[in-house]
>>> print(open('my_file_39.txt').read())   # compact mmCIF, C-alpha atoms and all ligand atoms
# COMPACT_ATOMS: atom_id res chain seq x y z
CA MET C 1 0.00 0.00 0.00
CA LYS C 2 2.73 2.37 1.11
CA ARG C 3 4.88 1.51 -1.91
CA LEU C 4 2.02 2.04 -4.37
CA PHE C 5 1.46 5.46 -2.84
CA TRP C 6 5.07 6.51 -3.42
CA ILE C 7 5.10 5.20 -7.00
CA THR C 8 1.98 7.23 -7.72
CA ILE C 9 3.40 10.39 -6.21
CA THR C 10 6.72 10.01 -8.05
CA GLY C 11 4.87 9.38 -11.32
CA ALA C 12 2.77 12.50 -10.83
CA LEU C 13 5.85 14.59 -10.13
CA LEU C 14 7.63 13.27 -13.21
CA MET C 15 4.61 13.97 -15.39
CA SER C 16 4.31 17.45 -14.09
CA THR C 17 7.88 18.32 -14.97
CA LEU C 18 7.56 17.16 -18.59
CA THR C 19 5.76 19.30 -21.14
CA ALA C 20 3.81 17.90 -24.09
CA SER C 21 6.91 18.11 -26.31
CA GLY C 22 8.89 16.18 -23.72
CA ALA C 23 11.00 19.20 -22.76
CA ARG C 24 11.68 19.65 -19.10
CA ALA C 25 9.53 22.43 -17.69
CA LYS C 26 10.34 24.64 -14.75
CA SER C 27 8.54 23.62 -11.62
CA ALA C 28 5.91 25.92 -10.23
CA SER C 29 6.95 28.20 -7.38
CA THR C 30 6.35 31.46 -5.55
CA THR C 31 9.27 33.47 -4.24
CA LYS C 32 9.34 36.62 -2.14
CA SER C 33 12.10 39.21 -2.09
CA PRO C 34 12.50 42.62 -0.46
CA TRP C 35 11.98 45.38 -3.03
CA GLY C 36 12.89 48.58 -1.25
CA LYS C 37 11.03 51.05 0.88
CA THR C 38 8.46 53.82 0.46
CA PRO C 39 9.55 57.40 1.29
CA ASP C 40 7.92 56.78 4.73
CA GLY C 41 10.23 53.82 5.29
CA GLU C 42 7.60 51.15 4.78
CA GLN C 43 8.98 47.83 3.53
CA VAL C 44 7.88 46.79 0.02
CA ASP C 45 8.18 43.24 -1.33
CA LEU C 46 8.13 41.60 -4.72
CA TYR C 47 6.48 38.20 -5.19
CA THR C 48 7.31 36.15 -8.26
CA LEU C 49 4.78 33.51 -9.22
CA THR C 50 5.90 30.88 -11.74
CA ASN C 51 3.59 28.24 -13.16
CA LYS C 52 4.52 24.78 -14.38
CA ASN C 53 4.99 26.12 -17.96
CA GLY C 54 7.54 28.70 -16.82
CA VAL C 55 5.10 31.61 -17.22
CA GLU C 56 5.97 34.22 -14.63
CA ALA C 57 4.07 37.08 -12.94
CA ALA C 58 5.89 39.47 -10.60
CA ILE C 59 3.65 41.43 -8.23
CA THR C 60 4.68 44.08 -5.75
CA THR C 61 2.96 44.85 -2.48
CA TYR C 62 3.17 48.55 -3.47
CA GLY C 63 -0.21 49.20 -5.06
CA GLY C 64 -0.55 45.46 -5.70
CA ALA C 65 0.98 46.21 -9.09
CA VAL C 66 1.80 43.57 -11.69
CA VAL C 67 5.42 44.52 -12.40
CA SER C 68 6.13 41.98 -15.12
CA LEU C 69 4.30 39.20 -16.88
CA LYS C 70 6.32 36.81 -19.02
CA VAL C 71 4.34 34.71 -21.48
CA PRO C 72 5.40 32.63 -24.52
CA ASP C 73 5.22 33.67 -28.17
CA ARG C 74 4.37 31.17 -30.92
CA ASN C 75 7.92 29.73 -30.72
CA GLY C 76 7.70 29.28 -26.96
CA LYS C 77 9.96 32.27 -26.28
CA LEU C 78 8.97 34.09 -23.09
CA GLY C 79 8.54 37.86 -23.29
CA ASP C 80 7.42 40.48 -20.79
CA VAL C 81 4.11 41.99 -21.97
CA VAL C 82 3.36 44.71 -19.38
CA LEU C 83 4.76 48.19 -18.77
CA GLY C 84 6.31 48.79 -15.37
CA PHE C 85 9.38 49.90 -13.44
CA ASP C 86 12.56 48.18 -12.25
CA SER C 87 12.18 49.46 -8.70
CA VAL C 88 9.56 50.72 -6.28
CA ASP C 89 10.65 54.35 -6.79
CA GLY C 90 9.06 54.38 -10.25
CA TYR C 91 5.72 53.37 -8.74
CA VAL C 92 5.99 55.92 -5.91
CA GLU C 93 6.64 58.74 -8.39
CA GLY C 94 4.48 57.37 -11.24
CA LYS C 95 1.27 59.01 -12.38
CA SER C 96 0.10 56.41 -14.91
CA TYR C 97 -1.05 53.57 -12.59
CA PHE C 98 1.11 50.94 -14.33
CA GLY C 99 -0.15 47.47 -13.40
CA ALA C 100 -1.74 48.66 -10.15
CA ILE C 101 -4.91 47.79 -8.27
CA ILE C 102 -7.28 50.73 -8.66
CA GLY C 103 -9.74 51.76 -5.94
CA ARG C 104 -11.84 52.70 -4.17
CA TYR C 105 -13.44 53.84 -7.42
CA GLY C 106 -11.86 52.91 -10.77
CA ASN C 107 -12.10 55.63 -13.43
CA ARG C 108 -13.90 58.96 -13.04
CA ILE C 109 -16.57 60.38 -10.77
CA GLY C 110 -17.97 63.60 -12.28
CA HIS C 111 -17.39 66.86 -10.37
CA ALA C 112 -15.65 64.70 -7.73
CA GLN C 113 -18.82 64.21 -5.75
CA PHE C 114 -21.75 61.87 -5.28
CA THR C 115 -24.75 61.51 -2.99
CA LEU C 116 -25.86 58.52 -0.94
CA ASP C 117 -29.08 58.62 1.11
CA GLY C 118 -29.22 62.41 0.76
CA LYS C 119 -25.67 62.98 1.99
CA THR C 120 -23.15 64.46 -0.46
CA TYR C 121 -19.58 63.13 -0.37
CA THR C 122 -16.83 65.35 -1.76
CA LEU C 123 -13.68 63.87 -3.23
CA ALA C 124 -10.40 65.38 -4.42
CA LYS C 125 -10.49 66.84 -7.94
CA ASN C 126 -7.38 65.07 -9.21
CA ASN C 127 -8.41 65.09 -12.89
CA VAL C 128 -9.45 68.62 -13.83
CA GLU C 129 -12.97 68.92 -12.29
CA ASN C 130 -13.29 65.20 -11.64
CA SER C 131 -12.06 62.41 -9.39
CA LEU C 132 -9.96 59.73 -11.10
CA HIS C 133 -8.97 56.24 -9.89
CA GLY C 134 -9.69 56.73 -6.18
CA GLY C 135 -8.28 60.21 -5.64
CA THR C 136 -4.98 61.79 -4.65
CA LYS C 137 -3.73 58.64 -2.92
CA GLY C 138 -5.67 55.71 -4.30
CA PHE C 139 -5.18 52.00 -3.63
CA ASN C 140 -2.35 52.09 -6.21
CA LYS C 141 -0.21 54.10 -3.77
CA MET C 142 -0.82 51.90 -0.70
CA VAL C 143 1.35 49.08 0.62
CA TRP C 144 -0.80 45.95 0.72
CA LYS C 145 -0.40 43.02 3.15
CA ALA C 146 0.55 39.92 1.21
CA LYS C 147 0.32 36.20 1.86
CA GLU C 148 0.89 33.17 -0.35
CA ILE C 149 -2.21 31.02 -0.28
CA PRO C 150 -2.84 27.50 -1.58
CA ALA C 151 -4.58 27.20 -4.95
CA LYS C 152 -5.57 24.00 -6.70
CA ASP C 153 -4.97 25.43 -10.16
CA GLY C 154 -1.72 27.37 -9.76
CA GLN C 155 0.20 29.83 -7.59
CA ALA C 156 -1.82 32.33 -5.59
CA LEU C 157 -1.06 35.53 -3.73
CA GLU C 158 -3.55 37.22 -1.41
CA LEU C 159 -3.34 40.98 -0.91
CA THR C 160 -5.39 42.78 1.70
CA TYR C 161 -5.92 46.43 2.58
CA LEU C 162 -8.19 48.30 4.97
CA SER C 163 -9.41 51.58 3.51
CA LYS C 164 -10.54 53.60 6.52
CA ASP C 165 -13.85 55.43 6.81
CA GLY C 166 -13.35 58.85 5.20
CA GLU C 167 -10.18 57.94 3.28
CA GLU C 168 -10.13 60.09 0.13
CA GLY C 169 -13.65 61.23 1.10
CA PHE C 170 -15.36 57.83 0.76
CA PRO C 171 -17.65 56.59 3.56
CA GLY C 172 -17.19 53.31 5.44
CA ASN C 173 -14.29 51.16 6.56
CA LEU C 174 -13.75 49.04 3.46
CA LYS C 175 -11.94 45.72 3.90
CA VAL C 176 -10.48 44.80 0.53
CA ARG C 177 -9.03 41.46 -0.57
CA VAL C 178 -7.47 40.84 -3.97
CA VAL C 179 -6.23 37.37 -4.95
CA TYR C 180 -3.92 36.98 -7.92
CA THR C 181 -3.66 33.40 -9.21
CA LEU C 182 -1.25 32.44 -11.96
CA THR C 183 -2.84 29.22 -13.20
CA ASP C 184 -1.19 26.33 -15.00
CA SER C 185 -3.40 27.19 -17.99
CA ASN C 186 -1.44 30.45 -18.41
CA GLU C 187 -4.11 32.68 -16.90
CA LEU C 188 -3.64 35.57 -14.53
CA LYS C 189 -6.84 35.44 -12.52
CA ILE C 190 -7.73 38.40 -10.31
CA GLU C 191 -10.49 38.06 -7.71
CA TYR C 192 -11.57 41.21 -5.90
CA SER C 193 -13.73 41.22 -2.78
CA ALA C 194 -14.74 43.85 -0.24
CA THR C 195 -17.04 44.46 2.71
CA THR C 196 -18.02 47.73 4.38
CA ASP C 197 -19.49 48.94 7.66
CA LYS C 198 -21.30 51.92 6.04
CA LYS C 199 -23.06 52.30 2.73
CA THR C 200 -20.42 53.20 0.12
CA VAL C 201 -19.46 52.90 -3.56
CA VAL C 202 -16.84 50.47 -4.88
CA ASN C 203 -15.35 49.80 -8.32
CA LEU C 204 -12.08 47.87 -8.33
CA THR C 205 -9.89 47.07 -11.30
CA ASN C 206 -6.34 46.43 -12.44
CA HIS C 207 -4.49 48.95 -14.58
CA SER C 208 -2.02 46.78 -16.50
CA TYR C 209 -0.74 48.27 -19.76
CA PHE C 210 -0.12 45.52 -22.32
CA ASN C 211 2.04 45.28 -25.41
CA LEU C 212 1.89 41.67 -26.56
CA ALA C 213 4.87 42.10 -28.90
CA GLY C 214 6.94 42.54 -25.74
CA VAL C 215 8.18 45.52 -23.76
CA GLY C 216 11.77 46.71 -23.43
CA PRO C 217 14.43 48.36 -25.58
CA GLY C 218 13.29 48.80 -29.18
CA MET C 219 9.65 48.13 -28.38
CA GLY C 220 7.01 49.34 -30.82
CA ASP C 221 3.45 50.60 -30.58
CA ILE C 222 0.24 48.59 -30.26
CA LEU C 223 -1.49 49.87 -33.42
CA GLY C 224 -1.10 46.54 -35.26
CA HIS C 225 -2.62 44.43 -32.47
CA MET C 226 -5.92 42.88 -33.59
CA LEU C 227 -8.68 43.53 -31.07
CA MET C 228 -12.15 42.09 -30.62
CA ILE C 229 -14.48 43.44 -27.93
CA GLU C 230 -17.73 41.67 -27.06
CA ALA C 231 -19.75 44.87 -27.00
CA ASP C 232 -22.63 46.21 -29.09
CA LYS C 233 -22.64 49.52 -27.23
CA PHE C 234 -20.26 51.94 -25.55
CA THR C 235 -20.70 54.92 -23.25
CA PRO C 236 -19.89 58.20 -25.08
CA VAL C 237 -18.22 60.90 -22.99
CA ASP C 238 -18.07 64.69 -22.65
CA SER C 239 -14.87 66.73 -22.88
CA GLY C 240 -13.94 65.74 -19.30
CA LEU C 241 -14.30 62.05 -20.26
CA ILE C 242 -17.45 61.70 -18.12
CA PRO C 243 -20.15 59.50 -19.70
CA THR C 244 -23.11 61.46 -21.02
CA GLY C 245 -25.43 58.65 -19.85
CA GLU C 246 -26.15 57.42 -23.36
CA LEU C 247 -25.48 53.81 -24.36
CA ARG C 248 -24.58 54.20 -28.04
CA ASP C 249 -24.47 51.47 -30.70
CA VAL C 250 -20.94 50.72 -31.88
CA ALA C 251 -22.26 49.83 -35.36
CA GLY C 252 -20.93 52.23 -37.99
CA THR C 253 -18.47 53.87 -35.57
CA PRO C 254 -14.72 53.44 -34.85
CA PHE C 255 -15.89 51.67 -31.66
CA ASP C 256 -17.08 48.61 -33.55
CA PHE C 257 -14.64 45.87 -32.51
CA ARG C 258 -17.14 43.05 -32.83
CA GLN C 259 -14.91 41.58 -35.54
CA PRO C 260 -11.13 41.52 -34.94
CA THR C 261 -9.80 44.90 -36.11
CA ALA C 262 -6.38 46.54 -35.85
CA ILE C 263 -6.31 48.97 -32.92
CA GLY C 264 -4.76 51.57 -35.23
CA ALA C 265 -7.24 51.18 -38.08
CA ARG C 266 -9.51 54.06 -37.01
CA ILE C 267 -7.62 55.62 -34.08
CA ASN C 268 -6.85 58.85 -35.97
CA SER C 269 -10.35 59.30 -37.38
CA ASP C 270 -11.99 62.66 -36.89
CA GLU C 271 -15.05 61.07 -35.30
CA GLU C 272 -16.10 63.23 -32.33
CA GLN C 273 -15.67 60.58 -29.58
CA ILE C 274 -12.22 59.58 -30.84
CA LYS C 275 -11.22 63.24 -30.77
CA LEU C 276 -12.58 63.74 -27.24
CA GLY C 277 -10.62 60.70 -26.02
CA GLY C 278 -7.45 61.55 -27.95
CA GLY C 279 -7.86 57.97 -29.21
CA TYR C 280 -9.72 55.24 -27.34
CA ASP C 281 -10.45 55.98 -23.69
CA HIS C 282 -13.97 54.64 -23.41
CA ASN C 283 -16.10 52.19 -21.51
CA PHE C 284 -17.64 49.37 -23.53
CA VAL C 285 -20.92 47.77 -22.44
CA LEU C 286 -20.17 44.07 -22.42
CA ARG C 287 -22.53 41.46 -23.82
CA ARG C 288 -23.09 39.10 -20.94
CA LYS C 289 -24.52 35.68 -21.67
CA PRO C 290 -27.34 35.15 -19.19
CA GLY C 291 -26.46 32.41 -16.74
CA ASP C 292 -22.73 32.45 -17.57
CA PRO C 293 -20.74 32.93 -14.36
CA ILE C 294 -18.00 34.70 -16.33
CA SER C 295 -17.98 35.94 -19.93
CA LEU C 296 -15.43 36.72 -22.61
CA ALA C 297 -14.96 40.50 -22.79
CA ALA C 298 -12.16 40.90 -25.32
CA ARG C 299 -9.52 39.07 -27.33
CA VAL C 300 -6.30 40.60 -28.61
CA GLU C 301 -3.84 39.00 -31.02
CA GLU C 302 -0.40 40.35 -31.87
CA PRO C 303 0.41 39.22 -35.44
CA LYS C 304 4.23 39.16 -35.26
CA THR C 305 4.64 37.08 -32.11
CA GLY C 306 1.31 35.26 -32.33
CA ARG C 307 0.61 36.10 -28.68
CA VAL C 308 -3.07 36.12 -27.81
CA MET C 309 -4.71 37.54 -24.70
CA GLU C 310 -8.33 36.93 -23.79
CA VAL C 311 -10.04 38.92 -21.07
CA TRP C 312 -12.84 37.20 -19.15
CA THR C 313 -14.86 38.99 -16.50
CA THR C 314 -17.93 39.08 -14.30
CA GLU C 315 -18.05 42.87 -14.72
CA PRO C 316 -20.52 44.75 -16.97
CA GLY C 317 -17.93 47.02 -18.62
CA VAL C 318 -14.36 47.37 -19.83
CA GLN C 319 -12.36 50.57 -20.30
CA PHE C 320 -10.35 50.35 -23.51
CA TYR C 321 -7.53 52.88 -23.22
CA THR C 322 -4.77 53.28 -25.81
CA GLY C 323 -2.14 55.02 -23.69
CA ASN C 324 -3.10 58.42 -25.13
CA PHE C 325 -1.58 60.30 -22.20
CA LEU C 326 1.75 58.45 -22.22
CA ASP C 327 4.21 61.10 -23.37
CA GLY C 328 7.62 59.48 -23.02
CA SER C 329 8.33 61.10 -19.66
CA ALA C 330 8.05 57.83 -17.71
CA HIS C 331 11.15 55.68 -18.11
CA GLY C 332 10.27 52.12 -17.31
CA LYS C 333 12.04 48.78 -17.12
CA GLY C 334 15.46 48.93 -18.73
CA GLY C 335 15.22 52.73 -18.98
CA VAL C 336 12.76 52.60 -21.88
CA ALA C 337 10.64 55.74 -22.43
CA TYR C 338 6.96 54.83 -22.55
CA THR C 339 5.46 56.80 -25.40
CA LYS C 340 1.92 57.41 -26.66
CA ARG C 341 0.26 54.20 -27.91
CA SER C 342 3.10 51.99 -26.68
CA ALA C 343 0.55 49.93 -24.74
CA PHE C 344 -3.18 49.45 -24.23
CA CYS C 345 -5.36 48.76 -21.19
CA LEU C 346 -8.50 46.68 -20.88
CA GLU C 347 -9.74 47.63 -17.41
CA THR C 348 -12.75 45.57 -16.40
CA GLN C 349 -15.15 47.65 -14.35
CA HIS C 350 -18.56 49.14 -13.62
CA PHE C 351 -19.18 52.15 -15.81
CA PRO C 352 -17.38 55.43 -15.05
CA ASP C 353 -19.39 57.95 -12.99
CA SER C 354 -21.95 55.29 -11.98
CA PRO C 355 -22.51 56.92 -8.55
CA ASN C 356 -24.10 59.85 -10.44
CA GLN C 357 -25.82 57.87 -13.20
CA PRO C 358 -28.95 56.14 -11.91
CA LYS C 359 -29.42 54.26 -15.20
CA PHE C 360 -26.02 52.53 -14.97
CA PRO C 361 -25.62 49.27 -12.99
CA SER C 362 -25.25 50.14 -9.30
CA VAL C 363 -21.88 50.39 -7.57
CA VAL C 364 -23.37 50.77 -4.09
CA LEU C 365 -22.14 48.37 -1.41
CA ASN C 366 -24.15 48.04 1.81
CA PRO C 367 -23.02 46.69 5.17
CA GLY C 368 -23.70 42.94 5.27
CA GLU C 369 -23.11 42.57 1.51
CA ARG C 370 -19.96 41.28 -0.14
CA TYR C 371 -18.51 42.85 -3.29
CA HIS C 372 -17.00 40.07 -5.39
CA THR C 373 -15.77 40.22 -8.98
CA THR C 374 -13.40 38.12 -11.08
CA THR C 375 -11.30 38.97 -14.13
CA ILE C 376 -9.03 36.59 -16.02
CA TYR C 377 -6.29 37.53 -18.49
CA LYS C 378 -5.65 34.31 -20.42
CA PHE C 379 -2.58 33.92 -22.64
CA SER C 380 -2.09 31.58 -25.58
CA THR C 381 -0.76 31.80 -29.12
CA GLY C 382 -2.59 31.98 -32.44
CA LYS C 383 -1.45 31.40 -36.01
C1 LIG C 401 -8.41 56.47 -17.92
C2 LIG C 401 -7.54 57.42 -18.67
C3 LIG C 401 -6.35 57.72 -17.82
C4 LIG C 401 -5.64 56.41 -17.56
C5 LIG C 401 -4.41 56.58 -16.71
C6 LIG C 401 -7.66 55.21 -17.70
O1 LIG C 401 -8.43 54.31 -16.99
O2 LIG C 401 -9.64 56.24 -18.56
O3 LIG C 401 -8.23 58.61 -19.00
O4 LIG C 401 -5.50 58.62 -18.43
O5 LIG C 401 -6.50 55.53 -16.95
O6 LIG C 401 -4.63 57.38 -15.68
>>> encode(input="my_file_39.txt", output="structure tokens", more="lines below")
Ligand code: BGC
Amino acid sequence: MKRLFWITITGALLMSTLTASGARAKSASTTKSPWGKTPDGEQVDLYTLTNKNGVEAAITTYGGAVVSLKVPDRNGKLGDVVLGFDSVDGYVEGKSYFGAIIGRYGNRIGHAQFTLDGKTYTLAKNNVENSLHGGTKGFNKMVWKAKEIPAKDGQALELTYLSKDGEEGFPGNLKVRVVYTLTDSNELKIEYSATTDKKTVVNLTNHSYFNLAGVGPGMGDILGHMLMIEADKFTPVDSGLIPTGELRDVAGTPFDFRQPTAIGARINSDEEQIKLGGGYDHNFVLRRKPGDPISLAARVEEPKTGRVMEVWTTEPGVQFYTGNFLDGSAHGKGGVAYTKRSAFCLETQHFPDSPNQPKFPSVVLNPGERYHTTTIYKFSTGK
């Protein structure tokens, strides 16, 4: 009995270290290393999650940011596909939210205020007249508590943060938990949950900037990436990028990505919404299949490397942003200047300005309820 047990275990281990082609794969692991300090002297760590295929995700406790994500191209060559910095200082100084967890409210709240039960809450105007991505010091600038946790399908890291009642003007002590799992199917799964002790609003997302051709010296733009978004409608915006409240058909507009289309194909059109966004910086209303626990939101394929990324989510919307405000002033990993259109974001979310838009799906969280959403970035290769 005992012997049979050991043979089985050894067999399983051997199998798991051999890939389909017979090549020896790296074994899955999670490592933790110190990654510097904040200006206040708080310790920051970097966790590196590696799956059984050698795919690797590095995540820092500063802002819970995904610092690097190495996935294979069609020849099996690993390449880093997210913008980021070599050290914590870049994240402390950064203004572009590279890879970070965004909260308490992802994207904009118009006029930086909202009302709940007759009480008006005033937030910092950190984006002209509006509030953007949680305010002056959002979740992206906090040091999160981290813990490796067991996962049956890969390597998992739990991050937690308590956002105190009144922080950045939001009501309620909000206990936030984000679990990143790098699965053995080459997915980066992000599960967000939160509870509150006072009625509040919540909209959490991740702000990774992707370039599937690979980031680093000599990197190009993302205009040739082929994008499909599962959306028949989008939310047009005003000049401050606040939704007007309309849900507009994508048909006949540069926002029609129902069939795979190059990101750059219509990005310079003189259509009014493209001009207002300086490119794409819009929320798409996702088709959700009734009864599906999680739905495909978008698929992106990079023709040269064959890398494919699918985005799956439980959320009703996705912000498609083409790095319009990147101006080359941020120097990222390897000293590379991140220029306009060098990456794109697909931020799964509730719609921007929902606290002020009664027709949009609600972002209100009550005491006794649990906010819970899941988003998966799944990597593979195409033709
Ligand atoms: C917003 C952009 C903003 C970017 C970085 C996106 O989610 O929609 O307008 O510039 O984040 O801050």
>>> residues_near_ligand(input="my_file_39.txt", ligand="ligand LIG 401 (chain C)", cutoff="10 Å", atoms="all atoms listed in the file", output="NGL selection string")
:C and (95-98 or 102 or 106-108 or 127 or 132-133 or 205-209 or 240-242 or 277-278 or 280-283 or 318-326 or 344-349 or 352)
>>> residues_around(input="my_file_39.txt", residues="Gln259 in chain C", least_positions_apart="2", cutoff="7 Å", atoms="all atoms listed in the file", output="list in words")
Met228, Phe257 and Thr261 of chain C
>>> residues_around(input="my_file_39.txt", residues="range 162-173 of chain C", least_positions_apart="3", cutoff="9 Å", atoms="all atoms listed in the file", output="ChimeraX atom specification")
/C:104,121-124,134-139,144,176-177,195-201,367
>>> atom_distance(input="my_file_39.txt", atom1="CA of Lys52 in chain C", atom2="CA of Lys77 in chain C")
15.1 Å
>>> atom_distance(input="my_file_39.txt", atom1="CA of Gly332 in chain C", atom2="CA of Gly216 in chain C")
8.3 Å
>>> residues_around(input="my_file_39.txt", residues="range 36-40 of chain C", least_positions_apart="5", cutoff="8 Å", atoms="all atoms listed in the file", output="list in words")
Asp45, Ser87, Val88, Asp89 and Val92 of chain C
>>> atom_distance(input="my_file_39.txt", atom1="CA of Ser29 in chain C", atom2="CA of Gly154 in chain C")
9.0 Å
>>> closest_residue(input="my_file_39.txt", among="C:Val202, C:Leu296, C:Leu69, C:Val55", to="Asn186 in chain C", atoms="only C-alpha atoms")
C:Val55
>>> residues_near_point(input="my_file_39.txt", point="(7.0, 41.1, -0.4)", cutoff="6 Å", atoms="only C-alpha atoms", output="number ranges by chain")
C: 32-34, 44-47, 61
>>> residues_around(input="my_file_39.txt", residues="Thr30 in chain C", least_positions_apart="6", cutoff="8 Å", atoms="all atoms listed in the file", output="mmCIF file with C-alpha atoms, keeping the file's coordinate frame")
data_model
loop_
_atom_site.group_PDB
_atom_site.id
_atom_site.type_symbol
_atom_site.label_atom_id
_atom_site.label_comp_id
_atom_site.auth_asym_id
_atom_site.auth_seq_id
_atom_site.Cartn_x
_atom_site.Cartn_y
_atom_site.Cartn_z
ATOM 1 C CA TYR C 47 6.480 38.200 -5.190
ATOM 2 C CA THR C 48 7.310 36.150 -8.260
ATOM 3 C CA LEU C 49 4.780 33.510 -9.220
ATOM 4 C CA THR C 50 5.900 30.880 -11.740
ATOM 5 C CA GLU C 148 0.890 33.170 -0.350
ATOM 6 C CA GLN C 155 0.200 29.830 -7.590
#
>>> closest_residue(input="my_file_39.txt", among="C:Gly335, C:Lys340, C:Ala231, C:Asn126", to="His111 in chain C", atoms="all atoms listed in the file")
C:Asn126
>>> axis_aligned_box(input="my_file_39.txt", around="range 232-251 of chain C", padding_each_side="4 Å", output="lines of an AutoDock Vina configuration file")
center_x = -20.0
center_y = 56.5
center_z = -26.7
size_x = 20.2
size_y = 28.5
size_z = 25.2
>>> closest_residue(input="my_file_39.txt", among="C:Pro293, C:Gly252, C:Gly328, C:Gly63", to="Trp312 in chain C", atoms="all atoms listed in the file")
C:Pro293
>>> residues_around(input="my_file_39.txt", residues="Arg370 in chain C", least_positions_apart="5", cutoff="8 Å", atoms="only C-alpha atoms", output="list in words")
Ser193, Ala194, Thr195 and Leu365 of chain C
